[in-house]
$ cat input.cif   # mmCIF, C-alpha atoms
data_model
loop_
_atom_site.label_atom_id
_atom_site.label_comp_id
_atom_site.auth_asym_id
_atom_site.auth_seq_id
_atom_site.Cartn_x
_atom_site.Cartn_y
_atom_site.Cartn_z
CA MET J 1 -27.77 -8.95 36.57
CA PRO J 2 -28.88 -7.26 39.80
CA ASP J 3 -31.98 -5.08 39.44
CA GLU J 4 -30.14 -1.90 40.29
CA LYS J 5 -27.45 -2.45 37.69
CA GLU J 6 -30.04 -3.19 35.01
CA GLN J 7 -32.02 -0.08 35.97
CA LEU J 8 -28.79 1.96 36.02
CA GLN J 9 -28.01 0.97 32.44
CA ARG J 10 -31.60 1.54 31.35
CA SER J 11 -31.64 5.03 32.89
CA TRP J 12 -28.67 6.18 30.82
CA ILE J 13 -30.46 5.14 27.66
CA ALA J 14 -33.87 6.57 28.56
CA ASN J 15 -32.44 9.79 29.99
CA ALA J 16 -29.86 10.29 27.24
CA PRO J 17 -31.52 13.29 25.55
CA ALA J 18 -32.10 15.10 28.85
CA TRP J 19 -28.53 14.34 30.01
CA ARG J 20 -27.04 15.48 26.71
CA ASP J 21 -28.88 18.80 27.02
CA ALA J 22 -28.03 19.23 30.71
CA VAL J 23 -24.32 18.82 29.98
CA ARG J 24 -24.20 20.77 26.74
CA GLU J 25 -26.23 23.67 28.10
CA ARG J 26 -24.13 23.62 31.30
CA LYS J 27 -27.17 23.32 33.50
CA ILE J 28 -25.46 21.48 36.37
CA ASP J 29 -24.09 24.07 38.83
CA SER J 30 -21.43 21.93 40.49
CA ARG J 31 -19.97 21.02 37.11
CA ARG J 32 -19.95 24.59 35.91
CA VAL J 33 -18.40 26.12 39.02
CA ALA J 34 -15.80 23.50 39.85
CA THR J 35 -15.85 19.88 38.82
CA ASP J 36 -15.50 20.21 35.02
CA ALA J 37 -12.38 22.33 35.36
CA ALA J 38 -11.09 20.09 38.13
CA ILE J 39 -11.14 16.91 36.05
CA ILE J 40 -9.53 18.66 33.10
CA ASP J 41 -6.79 20.01 35.39
CA ALA J 42 -6.26 16.64 37.05
CA VAL J 43 -5.87 14.86 33.70
CA MET J 44 -3.78 17.58 32.03
CA SER J 45 -1.42 17.77 35.03
CA LEU J 46 -0.27 14.29 33.95
CA ALA J 47 0.60 15.58 30.45
CA PRO J 48 -0.93 12.58 28.66
CA GLU J 49 -0.69 11.96 24.92
CA THR J 50 -3.49 9.39 25.06
CA VAL J 51 -6.55 9.09 27.29
CA LEU J 52 -9.27 6.47 27.61
CA ASP J 53 -12.51 8.09 28.83
CA LEU J 54 -14.49 5.35 30.59
CA GLY J 55 -18.14 6.37 30.72
CA CYS J 56 -17.65 9.25 28.31
CA GLY J 57 -21.36 10.08 28.02
CA GLU J 58 -22.07 12.68 25.35
CA GLY J 59 -18.35 13.36 25.03
CA TRP J 60 -17.71 16.80 26.55
CA LEU J 61 -14.51 15.74 28.34
CA ALA J 62 -13.16 14.02 25.24
CA ARG J 63 -13.76 17.23 23.29
CA GLU J 64 -12.02 19.33 25.95
CA LEU J 65 -9.03 17.01 26.06
CA SER J 66 -8.74 16.66 22.31
CA SER J 67 -8.74 20.46 21.99
CA ARG J 68 -5.60 20.27 24.18
CA ASN J 69 -3.90 17.90 21.72
CA VAL J 70 -4.72 14.69 23.56
CA ARG J 71 -5.81 11.65 21.54
CA VAL J 72 -8.98 10.39 23.24
CA VAL J 73 -10.92 7.17 23.03
CA GLY J 74 -14.32 7.25 24.74
CA VAL J 75 -16.53 4.35 25.70
CA ASP J 76 -19.97 4.33 27.24
CA ALA J 77 -22.62 1.66 27.70
CA SER J 78 -25.37 4.05 26.52
CA ARG J 79 -25.57 3.89 22.74
CA PRO J 80 -27.60 7.12 22.37
CA LEU J 81 -24.97 9.01 24.37
CA VAL J 82 -22.17 7.53 22.27
CA ASP J 83 -24.11 8.55 19.16
CA ALA J 84 -24.33 12.09 20.55
CA ALA J 85 -20.59 12.07 21.23
CA MET J 86 -19.85 10.95 17.68
CA GLU J 87 -21.90 13.83 16.29
CA LEU J 88 -19.54 16.40 17.81
CA GLY J 89 -16.33 14.38 17.50
CA GLY J 90 -13.17 14.96 19.51
CA GLY J 91 -12.25 11.30 19.75
CA SER J 92 -13.07 7.75 18.79
CA PHE J 93 -16.21 6.58 20.56
CA TYR J 94 -17.49 3.09 21.20
CA ALA J 95 -20.76 1.88 22.74
CA MET J 96 -19.65 -0.81 25.17
CA SER J 97 -20.04 -1.80 28.79
CA TYR J 98 -17.03 -2.02 31.10
CA GLU J 99 -17.23 -5.79 30.75
CA ASP J 100 -17.01 -5.30 26.96
CA VAL J 101 -13.93 -3.13 27.48
CA LEU J 102 -12.32 -5.95 29.43
CA ALA J 103 -12.96 -8.32 26.55
CA ALA J 104 -12.06 -5.82 23.82
CA GLY J 105 -8.44 -4.72 24.02
CA SER J 106 -7.10 -3.99 20.58
CA PRO J 107 -9.98 -1.99 18.99
CA LEU J 108 -9.44 0.54 21.76
CA GLN J 109 -5.81 1.23 20.81
CA ALA J 110 -4.59 0.44 24.34
CA PRO J 111 -2.45 1.10 26.30
CA PHE J 112 -3.16 4.67 27.38
CA ASP J 113 -1.21 7.20 29.43
CA VAL J 114 -4.30 8.02 31.46
CA VAL J 115 -7.66 6.35 31.99
CA VAL J 116 -10.32 8.70 33.32
CA ALA J 117 -13.75 7.97 34.81
CA ASN J 118 -15.63 11.22 35.39
CA PHE J 119 -18.65 10.55 37.62
CA SER J 120 -19.09 7.30 35.71
CA ILE J 121 -18.43 4.70 38.40
CA LEU J 122 -21.94 4.14 39.67
CA GLU J 123 -22.18 0.38 40.17
CA GLU J 124 -21.80 -1.66 43.33
CA ASP J 125 -19.32 -4.11 41.85
CA ILE J 126 -16.51 -2.00 40.48
CA GLY J 127 -14.13 -4.88 39.89
CA PRO J 128 -14.77 -4.88 36.11
CA ILE J 129 -14.11 -1.18 35.58
CA LEU J 130 -11.02 -1.18 37.81
CA THR J 131 -9.68 -4.29 36.10
CA ALA J 132 -10.39 -2.76 32.70
CA ALA J 133 -8.64 0.45 33.69
CA GLY J 134 -5.62 -1.46 34.93
CA ARG J 135 -5.30 -3.45 31.70
CA MET J 136 -5.73 -0.39 29.50
CA LEU J 137 -3.01 1.66 31.25
CA LYS J 138 0.60 1.98 30.21
CA SER J 139 3.14 1.02 32.83
CA GLY J 140 3.39 4.10 35.03
CA GLY J 141 0.04 5.38 33.78
CA ARG J 142 -2.59 6.93 36.01
CA PHE J 143 -6.27 6.17 36.57
CA VAL J 144 -8.16 9.38 37.42
CA ILE J 145 -11.57 9.01 39.05
CA GLN J 146 -13.94 11.84 39.85
CA THR J 147 -16.90 10.94 42.04
CA VAL J 148 -19.25 12.49 44.55
CA HIS J 149 -17.38 13.32 47.76
CA PRO J 150 -18.49 10.55 50.12
CA ALA J 151 -18.43 12.68 53.24
CA PHE J 152 -20.19 15.69 51.76
CA ALA J 153 -22.66 13.81 49.55
CA VAL J 154 -23.97 11.65 52.38
CA GLY J 155 -26.57 14.22 53.43
CA ASP J 156 -28.81 12.99 56.22
CA ALA J 157 -28.42 9.33 55.29
CA ALA J 158 -26.23 6.86 57.15
CA TYR J 159 -22.55 6.90 56.19
CA ILE J 160 -22.73 3.33 54.95
CA SER J 161 -22.16 2.11 51.40
CA GLY J 162 -25.35 1.20 49.59
CA TRP J 163 -27.65 1.93 46.70
CA ARG J 164 -29.26 5.38 46.47
CA THR J 165 -31.57 6.83 43.83
CA GLU J 166 -31.21 9.96 41.73
CA THR J 167 -34.63 11.11 40.52
CA PHE J 168 -33.32 14.20 38.67
CA ALA J 169 -36.08 16.19 40.39
CA ALA J 170 -33.71 19.14 40.67
CA PHE J 171 -32.92 19.06 36.93
CA ASP J 172 -34.76 20.70 34.06
CA GLY J 173 -36.07 18.50 31.28
CA GLU J 174 -37.69 15.09 30.90
CA TRP J 175 -36.07 12.28 32.88
CA PRO J 176 -38.16 9.14 32.26
CA GLU J 177 -36.11 6.80 34.47
CA PRO J 178 -34.67 7.27 37.96
CA MET J 179 -31.01 6.30 38.24
CA PRO J 180 -29.82 3.95 40.99
CA TRP J 181 -26.24 4.71 42.06
CA TYR J 182 -24.04 3.12 44.65
CA PHE J 183 -22.93 5.36 47.49
CA ARG J 184 -19.45 4.26 48.59
CA THR J 185 -17.71 5.45 51.73
CA LEU J 186 -14.13 6.62 51.49
CA THR J 187 -13.02 3.49 53.34
CA ASP J 188 -14.78 1.32 50.76
CA TRP J 189 -13.27 3.26 47.86
CA VAL J 190 -9.81 2.57 49.24
CA VAL J 191 -10.68 -1.11 49.75
CA ALA J 192 -11.99 -1.47 46.19
CA LEU J 193 -8.98 0.30 44.70
CA SER J 194 -6.57 -1.76 46.77
CA GLU J 195 -8.27 -5.07 45.95
CA ASN J 196 -7.90 -4.24 42.27
CA GLY J 197 -4.23 -3.33 42.43
CA PHE J 198 -4.37 0.46 42.76
CA VAL J 199 -3.03 2.88 45.33
CA ILE J 200 -4.03 6.52 45.64
CA ALA J 201 -1.16 8.71 44.48
CA GLU J 202 -3.03 11.95 44.89
CA MET J 203 -6.43 13.17 46.01
CA ARG J 204 -8.20 16.38 45.06
CA GLU J 205 -11.30 17.94 46.60
CA PRO J 206 -12.59 20.65 44.23
CA LEU J 207 -14.14 23.41 46.32
CA ASP J 208 -17.22 25.50 45.87
CA ALA J 209 -15.34 28.78 46.23
CA GLN J 210 -18.23 30.57 47.91
CA ARG J 211 -18.89 28.03 50.64
CA ALA J 212 -15.43 26.42 50.78
CA ARG J 213 -16.99 22.96 50.67
CA PRO J 214 -15.81 20.14 48.39
CA LEU J 215 -18.14 19.47 45.46
CA SER J 216 -16.47 16.20 44.53
CA MET J 217 -13.54 13.91 45.14
CA ILE J 218 -10.82 13.07 42.64
CA PHE J 219 -8.57 10.07 43.12
CA VAL J 220 -5.41 9.90 41.02
CA CYS J 221 -4.39 6.24 41.22
CA ARG J 222 -1.39 4.23 40.12
CA ARG J 223 -0.76 0.50 40.04
CA ALA J 224 0.38 -0.73 43.45
CA MET B 1 9.40 28.01 66.70
CA PRO B 2 6.03 29.25 65.41
CA ASP B 3 3.72 30.57 68.12
CA GLU B 4 1.15 27.84 67.57
CA LYS B 5 3.65 25.03 67.90
CA GLU B 6 5.08 26.52 71.09
CA GLN B 7 1.57 26.96 72.53
CA LEU B 8 0.68 23.41 71.44
CA GLN B 9 3.61 21.97 73.40
CA ARG B 10 2.87 24.21 76.39
CA SER B 11 -0.78 23.13 76.45
CA TRP B 12 0.13 19.45 76.81
CA ILE B 13 2.27 20.28 79.84
CA ALA B 14 -0.19 22.65 81.52
CA ASN B 15 -3.22 20.46 80.77
CA ALA B 16 -1.51 17.16 81.61
CA PRO B 17 -3.42 16.46 84.86
CA ALA B 18 -6.80 17.22 83.30
CA TRP B 19 -5.95 15.15 80.22
CA ARG B 20 -4.73 12.23 82.32
CA ASP B 21 -8.01 12.22 84.25
CA ALA B 22 -10.16 12.64 81.13
CA VAL B 23 -8.53 9.61 79.52
CA ARG B 24 -8.32 7.40 82.58
CA GLU B 25 -11.87 8.15 83.69
CA ARG B 26 -13.08 7.63 80.10
CA LYS B 27 -14.77 11.00 79.98
CA ILE B 28 -14.43 11.53 76.20
CA ASP B 29 -17.50 10.08 74.50
CA SER B 30 -16.05 9.55 71.01
CA ARG B 31 -13.13 7.61 72.47
CA ARG B 32 -15.35 5.45 74.64
CA VAL B 33 -17.90 4.57 71.96
CA ALA B 34 -15.61 4.05 68.98
CA THR B 35 -12.15 5.47 68.52
CA ASP B 36 -10.28 3.67 71.35
CA ALA B 37 -11.44 0.27 70.12
CA ALA B 38 -10.81 1.29 66.51
CA ILE B 39 -7.14 2.12 67.01
CA ILE B 40 -6.56 -1.07 69.01
CA ASP B 41 -8.24 -3.09 66.24
CA ALA B 42 -6.30 -1.32 63.50
CA VAL B 43 -2.96 -1.98 65.21
CA MET B 44 -3.73 -5.54 66.29
CA SER B 45 -4.96 -6.45 62.78
CA LEU B 46 -1.30 -6.10 61.77
CA ALA B 47 -0.22 -8.67 64.41
CA PRO B 48 2.80 -6.64 65.54
CA GLU B 49 5.38 -7.86 68.03
CA THR B 50 6.73 -4.35 68.57
CA VAL B 51 5.01 -0.94 68.44
CA LEU B 52 6.30 2.61 68.78
CA ASP B 53 3.55 4.86 70.18
CA LEU B 54 4.33 8.40 68.97
CA GLY B 55 2.56 10.89 71.21
CA CYS B 56 1.67 8.24 73.78
CA GLY B 57 0.26 10.71 76.32
CA GLU B 58 -0.54 9.09 79.66
CA GLY B 59 -0.02 5.68 78.10
CA TRP B 60 -3.47 4.06 77.80
CA LEU B 61 -2.83 2.64 74.31
CA ALA B 62 0.56 1.27 75.34
CA ARG B 63 -1.10 -0.48 78.27
CA GLU B 64 -3.82 -1.93 76.03
CA LEU B 65 -1.31 -3.19 73.48
CA SER B 66 1.09 -4.59 76.07
CA SER B 67 -1.80 -6.53 77.63
CA ARG B 68 -2.07 -8.17 74.19
CA ASN B 69 1.58 -9.26 74.31
CA VAL B 70 2.97 -6.42 72.23
CA ARG B 71 6.24 -4.81 73.32
CA VAL B 72 5.57 -1.06 73.31
CA VAL B 73 7.82 1.97 73.41
CA GLY B 74 6.00 5.25 73.99
CA VAL B 75 7.30 8.76 73.46
CA ASP B 76 5.66 12.09 74.15
CA ALA B 77 6.92 15.64 74.32
CA SER B 78 4.98 16.29 77.54
CA ARG B 79 7.10 15.19 80.48
CA PRO B 80 4.22 15.13 83.00
CA LEU B 81 2.24 12.81 80.68
CA VAL B 82 5.25 10.54 80.25
CA ASP B 83 5.65 10.50 84.03
CA ALA B 84 1.99 9.49 84.32
CA ALA B 85 2.54 6.73 81.75
CA MET B 86 5.55 5.41 83.68
CA GLU B 87 3.50 5.18 86.87
CA LEU B 88 1.17 2.60 85.33
CA GLY B 89 3.72 0.86 83.09
CA GLY B 90 2.93 -1.23 80.04
CA GLY B 91 5.95 -0.13 78.06
CA SER B 92 9.13 1.90 78.01
CA PHE B 93 8.36 5.61 77.97
CA TYR B 94 10.52 8.54 76.97
CA ALA B 95 9.88 12.29 77.15
CA MET B 96 10.99 13.55 73.76
CA SER B 97 9.73 15.61 70.86
CA TYR B 98 9.36 14.12 67.38
CA GLU B 99 12.54 15.96 66.44
CA ASP B 100 14.27 14.20 69.36
CA VAL B 101 12.97 10.87 68.05
CA LEU B 102 14.57 11.63 64.71
CA ALA B 103 17.90 12.24 66.42
CA ALA B 104 17.56 9.36 68.90
CA GLY B 105 17.45 6.01 67.12
CA SER B 106 19.04 3.36 69.28
CA PRO B 107 17.61 4.13 72.75
CA LEU B 108 14.17 3.48 71.24
CA GLN B 109 15.00 -0.11 70.20
CA ALA B 110 14.05 0.56 66.58
CA PRO B 111 12.97 -0.76 64.15
CA PHE B 112 9.32 -1.52 64.97
CA ASP B 113 6.64 -3.57 63.22
CA VAL B 114 4.14 -0.75 63.68
CA VAL B 115 4.40 2.93 64.51
CA VAL B 116 1.15 4.42 65.78
CA ALA B 117 0.11 8.05 66.26
CA ASN B 118 -3.27 8.21 67.98
CA PHE B 119 -4.68 11.75 67.72
CA SER B 120 -1.12 12.98 68.26
CA ILE B 121 -0.34 14.64 64.93
CA LEU B 122 -1.43 18.17 65.69
CA GLU B 123 1.27 20.34 64.12
CA GLU B 124 1.31 22.14 60.79
CA ASP B 125 4.69 20.79 59.71
CA ILE B 126 4.39 17.04 59.98
CA GLY B 127 7.61 16.31 58.10
CA PRO B 128 9.50 15.48 61.32
CA ILE B 129 6.96 12.98 62.66
CA LEU B 130 6.51 11.30 59.28
CA THR B 131 10.26 11.10 58.76
CA ALA B 132 10.69 9.73 62.28
CA ALA B 133 7.98 7.14 61.69
CA GLY B 134 9.58 6.08 58.42
CA ARG B 135 13.00 5.62 60.00
CA MET B 136 11.63 3.70 62.99
CA LEU B 137 9.70 1.17 60.89
CA LYS B 138 10.88 -2.24 59.82
CA SER B 139 10.83 -2.91 56.10
CA GLY B 140 7.20 -3.78 55.37
CA GLY B 141 6.05 -2.15 58.61
CA ARG B 142 2.97 0.02 58.90
CA PHE B 143 2.39 3.54 60.21
CA VAL B 144 -1.09 3.82 61.72
CA ILE B 145 -2.50 7.32 62.21
CA GLN B 146 -5.79 8.14 63.89
CA THR B 147 -6.97 11.73 63.51
CA VAL B 148 -10.14 13.77 63.44
CA HIS B 149 -12.10 13.02 60.25
CA PRO B 150 -11.42 16.07 58.08
CA ALA B 151 -14.82 16.10 56.43
CA PHE B 152 -16.84 15.55 59.57
CA ALA B 153 -14.73 17.67 61.94
CA VAL B 154 -14.84 20.75 59.73
CA GLY B 155 -18.11 21.97 61.26
CA ASP B 156 -19.17 25.35 59.95
CA ALA B 157 -15.62 26.44 59.13
CA ALA B 158 -14.13 26.53 55.66
CA TYR B 159 -12.75 23.22 54.39
CA ILE B 160 -9.26 24.63 54.18
CA SER B 161 -6.21 23.49 56.15
CA GLY B 162 -5.24 25.83 58.96
CA TRP B 163 -4.82 26.32 62.68
CA ARG B 164 -7.85 25.88 64.94
CA THR B 165 -8.14 26.11 68.72
CA GLU B 166 -9.46 23.57 71.21
CA THR B 167 -10.53 25.32 74.41
CA PHE B 168 -11.70 22.14 76.16
CA ALA B 169 -14.89 24.01 77.08
CA ALA B 170 -16.86 20.78 76.60
CA PHE B 171 -14.57 18.88 78.99
CA ASP B 172 -14.79 18.55 82.75
CA GLY B 173 -11.81 19.64 84.80
CA GLU B 174 -9.25 22.43 84.80
CA TRP B 175 -7.67 23.20 81.44
CA PRO B 176 -5.32 26.16 81.94
CA GLU B 177 -4.15 26.41 78.32
CA PRO B 178 -6.07 26.28 75.03
CA MET B 179 -4.55 23.91 72.48
CA PRO B 180 -3.86 25.05 68.91
CA TRP B 181 -4.21 22.21 66.42
CA TYR B 182 -3.80 22.13 62.69
CA PHE B 183 -6.88 21.17 60.69
CA ARG B 184 -5.76 19.31 57.57
CA THR B 185 -8.01 18.44 54.63
CA LEU B 186 -7.96 14.92 53.28
CA THR B 187 -6.18 16.20 50.18
CA ASP B 188 -3.46 17.73 52.34
CA TRP B 189 -3.07 14.56 54.40
CA VAL B 190 -2.44 12.60 51.21
CA VAL B 191 0.04 15.24 50.01
CA ALA B 192 1.95 15.20 53.31
CA LEU B 193 2.06 11.41 53.43
CA SER B 194 3.16 11.20 49.82
CA GLU B 195 5.87 13.86 50.20
CA ASN B 196 7.29 11.86 53.08
CA GLY B 197 7.35 8.53 51.29
CA PHE B 198 4.09 6.94 52.45
CA VAL B 199 1.05 5.61 50.63
CA ILE B 200 -2.29 4.80 52.20
CA ALA B 201 -2.72 1.02 52.29
CA GLU B 202 -6.02 1.13 54.15
CA MET B 203 -8.41 3.68 55.57
CA ARG B 204 -10.90 3.22 58.39
CA GLU B 205 -13.73 5.52 59.46
CA PRO B 206 -14.93 4.41 62.90
CA LEU B 207 -18.65 5.08 63.15
CA ASP B 208 -20.82 6.38 65.91
CA ALA B 209 -23.21 3.43 65.76
CA GLN B 210 -26.25 5.49 66.70
CA ARG B 211 -25.86 8.20 64.08
CA ALA B 212 -23.82 6.23 61.51
CA ARG B 213 -21.36 9.11 61.24
CA PRO B 214 -17.56 8.71 61.32
CA LEU B 215 -15.99 9.86 64.58
CA SER B 216 -12.46 9.75 63.24
CA MET B 217 -10.24 8.71 60.37
CA ILE B 218 -7.56 6.05 60.49
CA PHE B 219 -4.85 5.85 57.85
CA VAL B 220 -2.82 2.64 57.65
CA CYS B 221 0.27 3.64 55.67
CA ARG B 222 3.21 1.81 54.16
CA ARG B 223 6.40 3.03 52.57
CA ALA B 224 5.84 3.92 48.92
#
$ encode --input "input.cif" --output "structure tokens"
Amino acid sequence: MPDEKEQLQRSWIANAPAWRDAVRERKIDSRRVATDAAIIDAVMSLAPETVLDLGCGEGWLARELSSRNVRVVGVDASRPLVDAAMELGGGSFYAMSYEDVLAAGSPLQAPFDVVVANFSILEEDIGPILTAAGRMLKSGGRFVIQTVHPAFAVGDAAYISGWRTETFAAFDGEWPEPMPWYFRTLTDWVVALSENGFVIAEMREPLDAQRARPLSMIFVCRRA
Amino acid sequence: MPDEKEQLQRSWIANAPAWRDAVRERKIDSRRVATDAAIIDAVMSLAPETVLDLGCGEGWLARELSSRNVRVVGVDASRPLVDAAMELGGGSFYAMSYEDVLAAGSPLQAPFDVVVANFSILEEDIGPILTAAGRMLKSGGRFVIQTVHPAFAVGDAAYISGWRTETFAAFDGEWPEPMPWYFRTLTDWVVALSENGFVIAEMREPLDAQRARPLSMIFVCRRA
């Protein structure tokens, strides 16, 4: 396993308590002002009966969707986050990696109307999660991805795909492990989706209303 | 006709001599360092035998493609630019609006392997050009659009689709008429393409090599 991927998985275990609190206490501005509502709207606009939440974390999105009468299954590679999700309910939760999802199948009650990945695609090689999403979807289903907006998240760095590091310095709380994450240009998103059998049916760019700048990017994808 | 569209068409007639010189003398930095080569590469990667150049201007792209053994038909609503294109050859050129293209059909020797619009989609209502492109394409053909990169061209303005004005103040030469052009967010590009029967098969973001920032956006589209 590449170092970054190993460190990425480790960070979500070590930082689980801090992440749980950050999400549950709504400490992350961009989520509170725009991106939480945006992913709920994007999923609910598809009127799904069943949703697979890939990278569900502590389960907030599953709870929101289940309160809207959607049956949700959530998976996450971080066992402490899955444990936190189970505590509050709102779906069936499983601690498994995306590779595990690929191998799993039936325990997850596939296929689903919608598969959603909310800021949970952080690896360089996204073949496994895209393949898993494709296999878990009903015919005609949609894969909804929310991610940092490549063009607005690039900051002063080069606009070239590559590993970056989140230190959580801007967050309250104790974050023992930095999190590597893979910055992917828009071009490379489209390549990865295309190589794994998806086309973009719709794109959304949730705006910070005050500055009229996108705070994220949402791809609504269907099988090609 | 809305004021902006009328002014847009007028600008390409009044500014035709200055534009012809700017292109032929390679005075536009972004074109010289990246975007000219990028559109040639994007089109030639599709190995077309025939190309329709929508908004061909003074014909540089038609000349480049024809020198690579592609048969090119170019159309532009600005008669003086079409006249300039005819002077240097490299294709068959016609002075017609996108609406005229829709009505024309046979004189243009359709269908084409590739339809290309290189920085020539500047109107708010792009239904006519997208419909025209769709009708002019062979089954399995591709529509290649190069445009300003929405996220990097937005500058300090709000990231919201709307009319902007190019005054050509940064250009040498005499530019009698400002050019209105419609800024379109990425989301709205995808909506417009989708509503007119296209999906994005590939995206390219030609970089300024020195600053590693995209200088444009290229959509390679196919029929949905």
$ residues_around --input "input.cif" --residues "segment 164-167 of chain J" --least-positions-apart "6" --cutoff "6 Å" --atoms "only C-alpha atoms" --output "list of chain:residue names"
J:Pro178, J:Met179, J:Pro180, J:Trp181, J:Tyr182
$ interface_residues --input "input.cif" --of "chain J" --to "chain B" --cutoff "10 Å" --atoms "all atoms listed in the file" --output "PyMOL selection string"
chain J and resi 149-152+154+156-160+185-191+193-194+198-214+217-219+224
$ resolve_selection --input "input.cif" --expression "the PyMOL selection byres ((chain B and resi 55) around 8)" --output "mmCIF file with C-alpha atoms, in the frame of the given file"
data_model
loop_
_atom_site.group_PDB
_atom_site.id
_atom_site.type_symbol
_atom_site.label_atom_id
_atom_site.label_comp_id
_atom_site.auth_asym_id
_atom_site.auth_seq_id
_atom_site.Cartn_x
_atom_site.Cartn_y
_atom_site.Cartn_z
ATOM 1 C CA ASP B 53 3.550 4.860 70.180
ATOM 2 C CA LEU B 54 4.330 8.400 68.970
ATOM 3 C CA CYS B 56 1.670 8.240 73.780
ATOM 4 C CA GLY B 57 0.260 10.710 76.320
ATOM 5 C CA GLY B 74 6.000 5.250 73.990
ATOM 6 C CA VAL B 75 7.300 8.760 73.460
ATOM 7 C CA ASP B 76 5.660 12.090 74.150
ATOM 8 C CA ALA B 77 6.920 15.640 74.320
ATOM 9 C CA ALA B 117 0.110 8.050 66.260
ATOM 10 C CA ASN B 118 -3.270 8.210 67.980
ATOM 11 C CA SER B 120 -1.120 12.980 68.260
ATOM 12 C CA ILE B 121 -0.340 14.640 64.930
#
$ closest_residue --input "input.cif" --among "B:Ala84, B:Met44, B:Val116, B:Leu215" --to "Val70 of chain B" --atoms "all atoms listed in the file"
B:Met44
$ resolve_selection --input "input.cif" --expression "the PyMOL selection byres ((chain B and resi 90-106) around 6)" --output "list of chain:residue names"
B:Ala62, B:Arg63, B:Ser66, B:Val72, B:Val73, B:Gly74, B:Val75, B:Asp76, B:Ala77, B:Arg79, B:Val82, B:Gly89, B:Pro107, B:Leu108, B:Gln109, B:Pro128, B:Ile129, B:Ala132
$ residues_around --input "input.cif" --residues "Trp12 of chain J" --least-positions-apart "4" --cutoff "8 Å" --atoms "all atoms listed in the file" --output "number ranges by chain"
J: 8, 16, 78, 81, 179
$ write_last_selection --input "input.cif" --atoms "C-alpha atoms" --output "mmCIF file, keeping the file's coordinate frame"
data_model
loop_
_atom_site.group_PDB
_atom_site.id
_atom_site.type_symbol
_atom_site.label_atom_id
_atom_site.label_comp_id
_atom_site.auth_asym_id
_atom_site.auth_seq_id
_atom_site.Cartn_x
_atom_site.Cartn_y
_atom_site.Cartn_z
ATOM 1 C CA LEU J 8 -28.790 1.960 36.020
ATOM 2 C CA ALA J 16 -29.860 10.290 27.240
ATOM 3 C CA SER J 78 -25.370 4.050 26.520
ATOM 4 C CA LEU J 81 -24.970 9.010 24.370
ATOM 5 C CA MET J 179 -31.010 6.300 38.240
#
$ closest_residue --input "input.cif" --among "B:Asp29, B:Asp21, B:Phe168, B:Pro48" --to "Trp60 of chain B" --atoms "all atoms listed in the file"
B:Asp21
$ residues_near_point --input "input.cif" --point "(-7.3, 21.0, 36.5)" --cutoff "12 Å" --atoms "all atoms listed in the file" --output "PDB file with C-alpha atoms, in the coordinates of the input"
ATOM      1  CA  ALA J  34     -15.800  23.500  39.850  1.00  0.00           C
ATOM      2  CA  THR J  35     -15.850  19.880  38.820  1.00  0.00           C
ATOM      3  CA  ASP J  36     -15.500  20.210  35.020  1.00  0.00           C
ATOM      4  CA  ALA J  37     -12.380  22.330  35.360  1.00  0.00           C
ATOM      5  CA  ALA J  38     -11.090  20.090  38.130  1.00  0.00           C
ATOM      6  CA  ILE J  39     -11.140  16.910  36.050  1.00  0.00           C
ATOM      7  CA  ILE J  40      -9.530  18.660  33.100  1.00  0.00           C
ATOM      8  CA  ASP J  41      -6.790  20.010  35.390  1.00  0.00           C
ATOM      9  CA  ALA J  42      -6.260  16.640  37.050  1.00  0.00           C
ATOM     10  CA  VAL J  43      -5.870  14.860  33.700  1.00  0.00           C
ATOM     11  CA  MET J  44      -3.780  17.580  32.030  1.00  0.00           C
ATOM     12  CA  SER J  45      -1.420  17.770  35.030  1.00  0.00           C
ATOM     13  CA  LEU J  46      -0.270  14.290  33.950  1.00  0.00           C
ATOM     14  CA  ALA J  47       0.600  15.580  30.450  1.00  0.00           C
ATOM     15  CA  GLU J  64     -12.020  19.330  25.950  1.00  0.00           C
ATOM     16  CA  LEU J  65      -9.030  17.010  26.060  1.00  0.00           C
ATOM     17  CA  VAL J 144      -8.160   9.380  37.420  1.00  0.00           C
ATOM     18  CA  GLN J 146     -13.940  11.840  39.850  1.00  0.00           C
ATOM     19  CA  ARG J 204      -8.200  16.380  45.060  1.00  0.00           C
ATOM     20  CA  GLU J 205     -11.300  17.940  46.600  1.00  0.00           C
ATOM     21  CA  PRO J 206     -12.590  20.650  44.230  1.00  0.00           C
ATOM     22  CA  ILE J 218     -10.820  13.070  42.640  1.00  0.00           C
TER      23      ILE J 218
END
$ atom_distance --input "input.cif" --atom1 "atom CA of Ser67 of chain B" --atom2 "atom CA of Phe171 of chain B"
28.5 Å
